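Next up, start13.cif (mmCIF, C-alpha atoms and all ligand atoms):
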data_data
loop_
_atom_site.label_atom_id
_atom_site.label_comp_id
_atom_site.auth_asym_id
_atom_site.auth_seq_id
_atom_site.Cartn_x
_atom_site.Cartn_y
_atom_site.Cartn_z
CA MET A 1 -57.55 -53.52 -3.51
CA THR A 2 -55.69 -55.64 -6.03
CA GLU A 3 -51.94 -55.77 -6.19
CA LEU A 4 -51.70 -54.12 -9.60
CA ALA A 5 -53.39 -51.11 -8.03
CA SER A 6 -50.91 -50.85 -5.14
CA SER A 7 -48.41 -48.00 -5.13
CA LEU A 8 -44.64 -48.35 -5.17
CA LYS A 9 -42.11 -45.87 -3.83
CA VAL A 10 -38.72 -45.82 -5.52
CA LYS A 11 -36.37 -43.27 -4.00
CA ASN A 12 -38.39 -40.07 -3.72
CA VAL A 13 -40.84 -41.01 -6.50
CA THR A 14 -44.15 -42.77 -5.89
CA LEU A 15 -45.84 -44.74 -8.66
CA ARG A 16 -49.59 -44.78 -7.97
CA ASN A 17 -49.83 -48.35 -9.27
CA ARG A 18 -47.73 -51.14 -10.79
CA LEU A 19 -48.76 -50.66 -14.44
CA VAL A 20 -46.03 -49.28 -16.71
CA MET A 21 -46.46 -48.19 -20.29
CA PRO A 22 -43.20 -49.38 -21.89
CA PRO A 23 -41.37 -47.29 -24.48
CA MET A 24 -43.00 -47.53 -27.90
CA ALA A 25 -41.74 -45.56 -30.87
CA THR A 26 -44.45 -43.41 -32.44
CA ASN A 27 -42.45 -41.75 -35.24
CA LYS A 28 -44.41 -38.60 -34.52
CA ALA A 29 -41.39 -36.27 -33.93
CA THR A 30 -40.12 -33.80 -36.54
CA PRO A 31 -37.15 -34.84 -38.70
CA GLU A 32 -34.98 -32.89 -36.18
CA GLY A 33 -36.34 -35.10 -33.40
CA GLU A 34 -38.51 -32.38 -31.86
CA VAL A 35 -41.71 -33.01 -29.93
CA THR A 36 -44.91 -32.35 -31.92
CA ARG A 37 -48.49 -31.66 -30.84
CA ASP A 38 -49.46 -35.06 -32.19
CA LEU A 39 -46.86 -36.73 -29.96
CA ILE A 40 -48.03 -34.85 -26.86
CA GLU A 41 -51.64 -35.83 -27.53
CA HIS A 42 -50.64 -39.48 -28.00
CA TYR A 43 -49.01 -39.58 -24.56
CA ALA A 44 -51.61 -37.41 -22.80
CA GLU A 45 -54.25 -39.96 -23.76
CA ARG A 46 -52.22 -42.89 -22.43
CA ALA A 47 -51.05 -41.40 -19.11
CA ILE A 48 -54.48 -41.64 -17.48
CA TYR A 49 -54.01 -45.03 -15.79
CA PRO A 50 -50.37 -46.24 -15.66
CA GLY A 51 -48.18 -45.54 -12.63
CA MET A 52 -45.29 -44.79 -14.98
CA LEU A 53 -45.06 -43.99 -18.67
CA ILE A 54 -41.73 -44.51 -20.43
CA VAL A 55 -41.51 -42.21 -23.43
CA GLU A 56 -40.15 -43.91 -26.55
CA HIS A 57 -36.49 -44.44 -27.45
CA SER A 58 -34.91 -41.04 -27.99
CA TYR A 59 -31.60 -40.80 -29.79
CA VAL A 60 -28.62 -39.33 -27.95
CA ASP A 61 -26.54 -38.86 -31.11
CA PRO A 62 -27.56 -38.36 -34.76
CA GLY A 63 -25.09 -41.17 -35.59
CA GLY A 64 -27.27 -43.59 -33.61
CA LYS A 65 -30.63 -42.64 -35.09
CA LEU A 66 -32.99 -45.39 -36.25
CA SER A 67 -35.76 -43.67 -38.17
CA VAL A 68 -36.41 -40.24 -39.68
CA ARG A 69 -39.15 -39.18 -37.28
CA GLN A 70 -37.63 -40.67 -34.13
CA LEU A 71 -37.73 -38.51 -31.00
CA GLY A 72 -34.36 -36.85 -30.29
CA ILE A 73 -32.72 -35.81 -27.02
CA HIS A 74 -29.43 -35.00 -28.74
CA LYS A 75 -29.61 -31.20 -28.55
CA ASP A 76 -30.59 -28.54 -26.02
CA GLU A 77 -33.08 -27.00 -28.46
CA ASN A 78 -35.32 -30.02 -27.96
CA VAL A 79 -35.60 -29.54 -24.18
CA PRO A 80 -38.63 -27.13 -24.12
CA GLY A 81 -40.76 -29.60 -26.13
CA LEU A 82 -39.63 -32.47 -23.91
CA LYS A 83 -40.52 -30.38 -20.86
CA GLU A 84 -44.05 -29.87 -22.13
CA LEU A 85 -44.24 -33.63 -22.72
CA SER A 86 -43.06 -34.57 -19.21
CA GLU A 87 -45.44 -32.03 -17.64
CA THR A 88 -48.37 -33.39 -19.65
CA ILE A 89 -47.71 -36.89 -18.33
CA TYR A 90 -47.11 -35.69 -14.75
CA GLU A 91 -50.36 -33.71 -14.73
CA LYS A 92 -52.24 -36.99 -15.24
CA GLY A 93 -50.73 -38.36 -12.01
CA CYS A 94 -48.31 -40.57 -13.95
CA VAL A 95 -44.52 -40.68 -13.41
CA PRO A 96 -42.80 -39.45 -16.59
CA CYS A 97 -39.75 -41.45 -17.69
CA ILE A 98 -37.84 -41.24 -20.98
CA GLN A 99 -35.74 -43.89 -22.69
CA ILE A 100 -32.40 -42.81 -24.19
CA THR A 101 -30.67 -44.81 -26.89
CA HIS A 102 -28.03 -45.25 -29.55
CA ALA A 103 -28.94 -47.79 -32.22
CA GLY A 104 -25.30 -48.62 -33.07
CA GLY A 105 -24.97 -51.13 -35.91
CA ALA A 106 -28.76 -51.22 -36.29
CA SER A 107 -28.82 -47.55 -37.39
CA ASP A 108 -30.00 -46.90 -40.91
CA PRO A 109 -27.10 -45.51 -43.02
CA GLU A 110 -29.58 -43.54 -45.13
CA VAL A 111 -31.02 -41.88 -42.03
CA ILE A 112 -27.68 -41.08 -40.39
CA GLY A 113 -25.76 -40.28 -43.59
CA ARG A 114 -22.68 -42.22 -42.49
CA THR A 115 -21.51 -45.76 -41.72
CA PRO A 116 -23.17 -47.17 -38.56
CA VAL A 117 -20.90 -48.05 -35.62
CA SER A 118 -20.94 -50.99 -33.23
CA ALA A 119 -18.85 -53.00 -30.75
CA SER A 120 -17.48 -54.89 -33.75
CA SER A 121 -18.30 -55.20 -37.41
CA ASN A 122 -19.45 -58.83 -37.55
CA TRP A 123 -23.14 -59.92 -37.41
CA TYR A 124 -24.49 -57.40 -39.89
CA GLY A 125 -24.12 -59.46 -43.07
CA ASP A 126 -23.50 -57.25 -46.09
CA LYS A 127 -24.19 -54.09 -44.12
CA ASP A 128 -21.14 -51.89 -43.72
CA VAL A 129 -20.65 -51.39 -39.95
CA LYS A 130 -17.59 -49.87 -38.31
CA SER A 131 -16.05 -51.08 -35.05
CA LEU A 132 -15.78 -48.24 -32.50
CA THR A 133 -12.42 -47.07 -31.18
CA VAL A 134 -12.14 -46.58 -27.43
CA GLN A 135 -11.90 -42.83 -28.03
CA GLU A 136 -15.13 -42.87 -30.05
CA MET A 137 -16.80 -44.86 -27.26
CA GLN A 138 -15.90 -42.10 -24.79
CA GLY A 139 -17.60 -39.63 -27.12
CA ILE A 140 -20.78 -41.74 -27.19
CA LYS A 141 -20.70 -42.02 -23.41
CA GLU A 142 -20.70 -38.22 -23.29
CA ARG A 143 -23.67 -38.12 -25.68
CA PHE A 144 -25.52 -40.34 -23.17
CA THR A 145 -24.64 -38.10 -20.23
CA ASP A 146 -25.59 -34.94 -22.17
CA ALA A 147 -28.94 -36.56 -22.99
CA ALA A 148 -29.42 -37.58 -19.35
CA ARG A 149 -28.85 -34.00 -18.23
CA ARG A 150 -31.44 -32.82 -20.77
CA ALA A 151 -33.95 -35.38 -19.48
CA LYS A 152 -33.47 -34.01 -15.98
CA ASP A 153 -33.74 -30.40 -17.18
CA ALA A 154 -36.92 -31.35 -19.03
CA GLY A 155 -38.55 -32.49 -15.78
CA PHE A 156 -38.57 -36.26 -16.25
CA LEU A 157 -38.59 -38.02 -12.87
CA ALA A 158 -37.00 -41.18 -14.24
CA LEU A 159 -34.60 -42.08 -17.03
CA GLU A 160 -34.20 -45.41 -18.81
CA VAL A 161 -30.99 -46.38 -20.61
CA HIS A 162 -31.83 -48.68 -23.53
CA GLY A 163 -29.74 -51.84 -23.41
CA ALA A 164 -32.10 -54.25 -25.21
CA HIS A 165 -33.40 -55.26 -28.67
CA GLY A 166 -30.00 -55.41 -30.35
CA PHE A 167 -29.11 -51.72 -30.08
CA LEU A 168 -25.64 -50.37 -29.23
CA LEU A 169 -25.32 -51.23 -25.53
CA ASN A 170 -26.88 -54.65 -26.22
CA GLN A 171 -24.35 -55.09 -29.06
CA PHE A 172 -21.58 -54.69 -26.49
CA ALA A 173 -23.19 -57.05 -23.93
CA SER A 174 -23.96 -59.90 -26.34
CA PRO A 175 -21.23 -62.37 -27.31
CA LEU A 176 -22.91 -62.67 -30.73
CA THR A 177 -22.25 -59.04 -31.63
CA ASN A 178 -19.18 -58.28 -29.52
CA ARG A 179 -16.03 -59.85 -30.96
CA ARG A 180 -13.62 -57.28 -29.57
CA GLU A 181 -10.29 -58.38 -28.22
CA ASP A 182 -9.47 -55.30 -26.16
CA GLY A 183 -10.66 -54.53 -22.61
CA TYR A 184 -14.25 -54.24 -23.93
CA GLY A 185 -14.69 -57.77 -25.27
CA GLY A 186 -13.54 -61.34 -24.89
CA THR A 187 -14.86 -62.03 -21.38
CA ARG A 188 -18.27 -61.39 -19.82
CA ASP A 189 -16.90 -58.61 -17.61
CA HIS A 190 -15.22 -56.97 -20.57
CA MET A 191 -18.42 -57.13 -22.65
CA LEU A 192 -20.46 -55.53 -19.86
CA ARG A 193 -17.84 -52.86 -19.23
CA PHE A 194 -19.05 -50.21 -21.71
CA PRO A 195 -22.77 -50.47 -20.76
CA LEU A 196 -21.76 -50.21 -17.08
CA GLU A 197 -19.49 -47.23 -17.77
CA VAL A 198 -22.41 -45.48 -19.47
CA VAL A 199 -24.71 -46.27 -16.54
CA ARG A 200 -22.24 -44.98 -13.95
CA ALA A 201 -21.61 -41.79 -15.93
CA VAL A 202 -25.34 -41.19 -16.32
CA ARG A 203 -25.91 -41.85 -12.60
CA GLU A 204 -23.43 -39.10 -11.75
CA VAL A 205 -25.14 -36.56 -13.99
CA ILE A 206 -28.73 -37.15 -12.85
CA GLY A 207 -28.09 -37.12 -9.10
CA ASP A 208 -30.92 -38.85 -7.25
CA MET A 209 -33.32 -39.08 -10.23
CA VAL A 210 -34.66 -42.65 -10.70
CA LEU A 211 -32.36 -44.57 -13.06
CA MET A 212 -33.59 -47.59 -15.02
CA TYR A 213 -31.95 -49.97 -17.45
CA ARG A 214 -33.77 -51.95 -20.13
CA MET A 215 -31.82 -55.16 -20.37
CA GLY A 216 -31.86 -57.55 -23.32
CA ALA A 217 -31.91 -60.60 -21.08
CA TRP A 218 -31.95 -63.36 -23.69
CA ASP A 219 -30.74 -63.76 -27.27
CA GLY A 220 -32.60 -67.04 -27.82
CA SER A 221 -29.40 -68.92 -28.61
CA ASP A 222 -26.92 -70.99 -26.62
CA ASP A 223 -24.08 -68.87 -27.99
CA GLY A 224 -25.78 -65.62 -27.03
CA PHE A 225 -26.64 -63.72 -23.87
CA LYS A 226 -28.29 -66.16 -21.44
CA PRO A 227 -30.24 -66.15 -18.16
CA ASP A 228 -27.16 -66.53 -15.93
CA ASP A 229 -25.59 -63.57 -17.79
CA ALA A 230 -28.77 -61.60 -17.12
CA MET A 231 -28.67 -62.40 -13.39
CA TYR A 232 -25.00 -61.43 -13.19
CA PHE A 233 -25.57 -58.23 -15.20
CA GLY A 234 -28.58 -57.37 -13.01
CA LYS A 235 -26.36 -57.46 -9.92
CA ARG A 236 -23.73 -55.32 -11.62
CA LEU A 237 -26.37 -52.78 -12.70
CA GLU A 238 -27.69 -52.59 -9.16
CA GLY A 239 -24.14 -52.01 -7.94
CA ALA A 240 -23.73 -49.24 -10.53
CA GLY A 241 -26.73 -47.35 -9.14
CA VAL A 242 -29.68 -48.58 -11.22
CA ASP A 243 -32.97 -48.25 -9.31
CA ILE A 244 -35.29 -50.33 -11.53
CA ILE A 245 -34.38 -53.10 -14.00
CA ASP A 246 -36.66 -53.45 -17.02
CA ILE A 247 -36.37 -56.91 -18.58
CA SER A 248 -36.95 -57.55 -22.27
CA GLY A 249 -35.33 -59.54 -25.08
CA GLY A 250 -31.88 -59.10 -26.56
CA LEU A 251 -31.01 -59.74 -30.20
CA LEU A 252 -34.33 -61.56 -30.61
CA GLY A 253 -36.05 -58.21 -30.20
CA SER A 254 -39.08 -57.18 -28.23
CA ARG A 255 -41.74 -59.14 -30.13
CA PRO A 256 -40.37 -62.37 -31.60
CA GLU A 257 -42.87 -64.03 -33.91
CA LYS A 258 -42.50 -67.33 -32.13
CA PHE A 259 -44.17 -65.85 -29.05
CA LEU A 260 -47.22 -64.59 -30.94
CA GLY A 261 -50.27 -65.08 -28.72
CA GLU A 262 -48.21 -66.17 -25.69
CA GLN A 263 -49.03 -64.06 -22.64
CA GLY A 264 -46.05 -63.04 -20.49
CA TYR A 265 -43.32 -64.37 -22.81
CA TYR A 266 -40.43 -62.48 -21.18
CA ILE A 267 -41.75 -62.85 -17.62
CA PRO A 268 -39.57 -65.94 -16.82
CA HIS A 269 -36.48 -63.86 -17.64
CA ALA A 270 -37.63 -61.04 -15.37
CA GLU A 271 -38.27 -63.57 -12.59
CA GLU A 272 -34.73 -64.91 -12.87
CA VAL A 273 -33.22 -61.43 -12.59
CA LYS A 274 -35.56 -60.58 -9.71
CA LYS A 275 -34.04 -63.50 -7.75
CA ALA A 276 -30.59 -61.92 -8.14
CA VAL A 277 -31.32 -58.29 -7.23
CA ASN A 278 -33.00 -56.21 -4.55
CA VAL A 279 -34.28 -53.41 -6.79
CA PRO A 280 -37.73 -53.59 -8.45
CA VAL A 281 -37.97 -55.47 -11.74
CA ILE A 282 -40.34 -54.79 -14.65
CA GLY A 283 -41.71 -57.72 -16.68
CA VAL A 284 -43.20 -57.54 -20.17
CA GLY A 285 -44.34 -59.52 -23.17
CA GLY A 286 -47.71 -60.08 -24.77
CA ILE A 287 -49.79 -59.27 -21.70
CA VAL A 288 -53.45 -58.93 -22.57
CA GLU A 289 -55.55 -59.60 -19.46
CA PRO A 290 -55.54 -57.23 -16.48
CA SER A 291 -56.18 -60.20 -14.15
CA TYR A 292 -52.99 -61.86 -15.44
CA ALA A 293 -50.99 -58.66 -14.77
CA ASP A 294 -52.53 -58.45 -11.31
CA ALA A 295 -51.52 -62.05 -10.50
CA LEU A 296 -47.92 -61.38 -11.60
CA VAL A 297 -47.59 -58.75 -8.89
CA ARG A 298 -49.64 -60.63 -6.29
CA GLU A 299 -47.51 -63.74 -6.70
CA GLY A 300 -44.33 -61.67 -6.46
CA ARG A 301 -43.11 -62.76 -9.89
CA VAL A 302 -42.32 -59.17 -10.88
CA ASP A 303 -42.70 -55.80 -9.16
CA LEU A 304 -44.04 -53.82 -12.11
CA VAL A 305 -45.87 -54.93 -15.24
CA ALA A 306 -45.36 -53.31 -18.64
CA VAL A 307 -48.24 -53.47 -21.09
CA GLY A 308 -47.49 -52.04 -24.51
CA ARG A 309 -49.65 -52.87 -27.48
CA GLU A 310 -52.81 -53.24 -25.40
CA LEU A 311 -52.34 -49.67 -24.10
CA LEU A 312 -51.79 -48.47 -27.64
CA LYS A 313 -55.09 -50.03 -28.65
CA ASP A 314 -57.00 -49.02 -25.53
CA PRO A 315 -55.69 -46.21 -23.28
CA ASN A 316 -58.26 -47.33 -20.68
CA TRP A 317 -56.71 -50.80 -20.41
CA GLY A 318 -56.88 -51.99 -16.79
CA ARG A 319 -59.53 -49.48 -15.75
CA ASP A 320 -61.62 -52.05 -13.86
CA ILE A 321 -58.65 -52.93 -11.68
CA LEU A 322 -56.98 -49.54 -11.43
CA GLY A 323 -60.11 -47.52 -10.70
CA LYS A 324 -62.39 -45.40 -12.76
CA LYS A 325 -60.69 -42.10 -13.42
CA ALA A 326 -61.76 -40.95 -16.85
C1 LIG B 401 -44.84 -49.85 -32.09
C2 LIG B 401 -43.83 -50.31 -31.07
C3 LIG B 401 -42.72 -49.54 -30.81
C4 LIG B 401 -41.78 -49.94 -29.85
N1 LIG B 401 -40.73 -49.12 -29.54
C5 LIG B 401 -39.90 -49.44 -28.52
C6 LIG B 401 -38.94 -48.51 -28.06
O1 LIG B 401 -38.87 -47.37 -28.49
N2 LIG B 401 -38.10 -48.92 -27.06
C7 LIG B 401 -38.21 -50.16 -26.48
O2 LIG B 401 -37.41 -50.48 -25.59
N3 LIG B 401 -39.14 -51.02 -26.89
C8 LIG B 401 -40.01 -50.68 -27.86
N4 LIG B 401 -41.03 -51.54 -28.19
C9 LIG B 401 -41.24 -52.78 -27.41
C10 LIG B 401 -42.25 -52.53 -26.28
O3 LIG B 401 -41.74 -51.65 -25.30
C11 LIG B 401 -42.64 -53.87 -25.58
O4 LIG B 401 -41.51 -54.41 -24.97
C12 LIG B 401 -43.23 -54.87 -26.56
O5 LIG B 401 -44.21 -54.28 -27.37
C13 LIG B 401 -43.81 -56.08 -25.82
O6 LIG B 401 -44.84 -55.66 -24.95
P1 LIG B 401 -46.39 -55.86 -25.37
O7 LIG B 401 -46.53 -57.29 -25.78
O8 LIG B 401 -47.15 -55.53 -24.12
O9 LIG B 401 -46.69 -54.93 -26.50
C14 LIG B 401 -41.96 -51.16 -29.16
C15 LIG B 401 -43.10 -51.94 -29.44
C16 LIG B 401 -44.03 -51.52 -30.35
C17 LIG B 401 -45.26 -52.36 -30.58
#

Could you write out this structure as structure tokens?
Ligand SMILES: Cc1cc2nc3c(=O)[nH]c(=O)nc-3n(C[C@H](O)[C@H](O)[C@H](O)COP(=O)(O)O)c2cc1C
Amino acid sequence: MTELASSLKVKNVTLRNRLVMPPMATNKATPEGEVTRDLIEHYAERAIYPGMLIVEHSYVDPGGKLSVRQLGIHKDENVPGLKELSETIYEKGCVPCIQITHAGGASDPEVIGRTPVSASSNWYGDKDVKSLTVQEMQGIKERFTDAARRAKDAGFLALEVHGAHGFLLNQFASPLTNRREDGYGGTRDHMLRFPLEVVRAVREVIGDMVLMYRMGAWDGSDDGFKPDDAMYFGKRLEGAGVDIIDISGGLLGSRPEKFLGEQGYYIPHAEEVKKAVNVPVIGVGGIVEPSYADALVREGRVDLVAVGRELLKDPNWGRDILGKKA
């Protein structure tokens, strides 16, 4: 047996193998963020091989929505559709996880019908972005915990809080986007405070469900979020009750053009964080060959490997290593 095919137990959940389908927006929901048949079929097809499938970024608050047909976990009415989705994934032997998010200053004003909010109002050029008050931040924290409760009610076995790719929690963690001078900015601990408050609040609501955090580990600039910040934040997340840390890029985004064709471009960042924590770490970035993914696990560079675009293209990606099931 290869290492990619080995199982992993996290809390009371067992992943049948180390392949993870990372969250990838499909824009197949209704304008109210509800699950559609098309969306269920998309995921049913791709849950055949991975050990875990992370359903795309789902907005916790209409004020943090990114696109018209984004999946929404912002209201109880959406829970039955989400339940059908989680059950569809589970029936294929795959652990269903869902990513919850607020896009913050990256939200589209035309989609949300109001001025986007962020840690502070710099960074966005001509775009009108409002700096959040502490009271408003408490409201957003509650939107996250309400969404987490819905994810649990909908039968997901794991939940991922989105803290990467320049969205709200990443905007707080990065010194490039956080210019606050209150207790939520100015020092590294202050900048990490709101993301950690959200994580702790979510942890309380979901009980022993598996909690994951997608961290934007690198902004690609000396003035931005850097590897030693990522190692420090990883330890703090572990202390706050996170069970799996999913490492991706920060303000550079998930697929920077400069890494085009480079296999494993965010793996070095995942390796750094893995040195600092005891919980499993997911690595990602341009992975194409199953043998490469297998070696990442075998060599102990990461615990779990996320393969996105290749699984979109070919739901049977990795079949030769993971076993013939279809
Ligand atoms: C179409 C598309 C949609 C994506 N949507 C999300 C998302 O909802 N949340 C997220 O954290 N990352 C998202 N990503 C980033 C992927 O999860 C992944 O990190 C990225 O594609 C790099 O992995 P890959 O090279 O294996 O595709 C998206 C990527 C693609 C291609």

Task: Counting all atoms listed in the file, the residue of A:Arg16, A:His42, A:His165, A:Lys235 that sits nearest Gly220 (chain A) - done: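 For Gly220 (chain A), the nearest of the given residues is A:His165.
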
TODO: Extract, using all atoms listed in the file, all DNA, RNA and protein residues at most 6 Å from Gly72 (chain A), discarding same-chain residues fewer than 6 positions from it, and format them as an MDAnalysis selection string.
DONE: chainID A and resid 33 58:59

Write to file, as an mmCIF file, in the coordinates of the input, the residues of the selection just made, with C-alpha atoms.
data_model
loop_
_atom_site.group_PDB
_atom_site.id
_atom_site.type_symbol
_atom_site.label_atom_id
_atom_site.label_comp_id
_atom_site.auth_asym_id
_atom_site.auth_seq_id
_atom_site.Cartn_x
_atom_site.Cartn_y
_atom_site.Cartn_z
ATOM 1 C CA GLY A 33 -36.340 -35.100 -33.400
ATOM 2 C CA SER A 58 -34.910 -41.040 -27.990
ATOM 3 C CA TYR A 59 -31.600 -40.800 -29.790
#

Open item on the list: Need to verify the contact set: Gly323 (chain A), 12 Å, all atoms listed in the file, exclusion of same-chain residues closer than 5 positions in sequence. Can you return it as a PyMOL selection string?
Closed with: chain A and resi 1-2+4-6+16-17+48-50+316-318

Open item on the list: If we count all atoms listed in the file and set the cut-off at 7 Å, which residues sit around region 61-63 of chain A, ignoring sequence neighbours fewer than 3 positions away in its own chain? Please answer as a list of chain:residue names.
Closed with: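 Listing them by chain and then by number gives A:His74, A:His102, A:Ile112, A:Pro116, A:Arg143.
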
I'd like the neighbourhood of Val277 (chain A) as a PDB file with C-alpha atoms, in the frame of the given file, where a residue qualifies if any of its atoms comes within 10 Å (using all atoms listed in the file), though same-chain residues fewer than 3 positions away should be ignored.
ATOM      1  CA  MET A 231     -28.670 -62.400 -13.390  1.00  0.00           C
ATOM      2  CA  TYR A 232     -25.000 -61.430 -13.190  1.00  0.00           C
ATOM      3  CA  PHE A 233     -25.570 -58.230 -15.200  1.00  0.00           C
ATOM      4  CA  GLY A 234     -28.580 -57.370 -13.010  1.00  0.00           C
ATOM      5  CA  LYS A 235     -26.360 -57.460  -9.920  1.00  0.00           C
ATOM      6  CA  ARG A 236     -23.730 -55.320 -11.620  1.00  0.00           C
ATOM      7  CA  LEU A 237     -26.370 -52.780 -12.700  1.00  0.00           C
ATOM      8  CA  GLU A 238     -27.690 -52.590  -9.160  1.00  0.00           C
ATOM      9  CA  GLY A 239     -24.140 -52.010  -7.940  1.00  0.00           C
ATOM     10  CA  ILE A 244     -35.290 -50.330 -11.530  1.00  0.00           C
ATOM     11  CA  ILE A 245     -34.380 -53.100 -14.000  1.00  0.00           C
ATOM     12  CA  GLU A 272     -34.730 -64.910 -12.870  1.00  0.00           C
ATOM     13  CA  VAL A 273     -33.220 -61.430 -12.590  1.00  0.00           C
ATOM     14  CA  LYS A 274     -35.560 -60.580  -9.710  1.00  0.00           C
ATOM     15  CA  PRO A 280     -37.730 -53.590  -8.450  1.00  0.00           C
ATOM     16  CA  VAL A 281     -37.970 -55.470 -11.740  1.00  0.00           C
TER      17      VAL A 281
END

Closest contacts (region 165-219 of chain A/region 91-97 of chain A, max 10 Å, all atoms listed in the file) as CSV:
residue,atom,partner,partner_atom,distance
A:Val210,CA,A:Cys97,CA,8.7
A:Leu211,CA,A:Cys97,CA,9.3
A:Met212,CA,A:Cys97,CA,9.1

Task: Within-6 Å residues of ligand LIG 401 (chain B), basis only C-alpha atoms and all ligand atoms, as an MDAnalysis selection string - done: chainID A and resid 22:25 56:57 254:255 284:287 307:309

- [ ] Using CA of Thr177 (chain A) and CA of Trp123 (chain A) as the two end points, give the distance in Å to one decimal.
- [x]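 Computing it gives 5.9 Å between the two atoms.
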
TODO: Could you please determine the separation between CA of Gly283 (chain A) and CA of Ala44 (chain A) in Å, to one decimal place?
DONE: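 For CA of Gly283 (chain A) relative to CA of Ala44 (chain A), the distance reads 23.4 Å.
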
- [ ] State, in Å with one decimal place, the distance from CA of Phe144 (chain A) to CA of Val60 (chain A).
- [x]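 So the answer is 5.8 Å.
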
- [ ] May I ask which of the residues A:Lys28, A:Lys65, A:Arg46, A:Arg114 is the closest one to Pro315 (chain A), counting only C-alpha atoms?
- [x] A:Arg46

Open item on the list: So that I can see what lies close to Ile140 (chain A), please list as a ChimeraX atom specification the residues with an atom at most 12 Å from it, counting all atoms listed in the file and leaving out residues fewer than 2 positions away in the same chain.
Closed with: /A:59-64,74,101-104,117-119,132-138,142-147,168-169,194-195,197-198,201-202

TODO: Considering all atoms listed in the file, state which residue in the set A:Val79, A:Val111, A:Met52, A:Ile282 is at the smallest distance from Pro268 (chain A).
DONE: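 Smallest distance to Pro268 (chain A) is found for A:Ile282.
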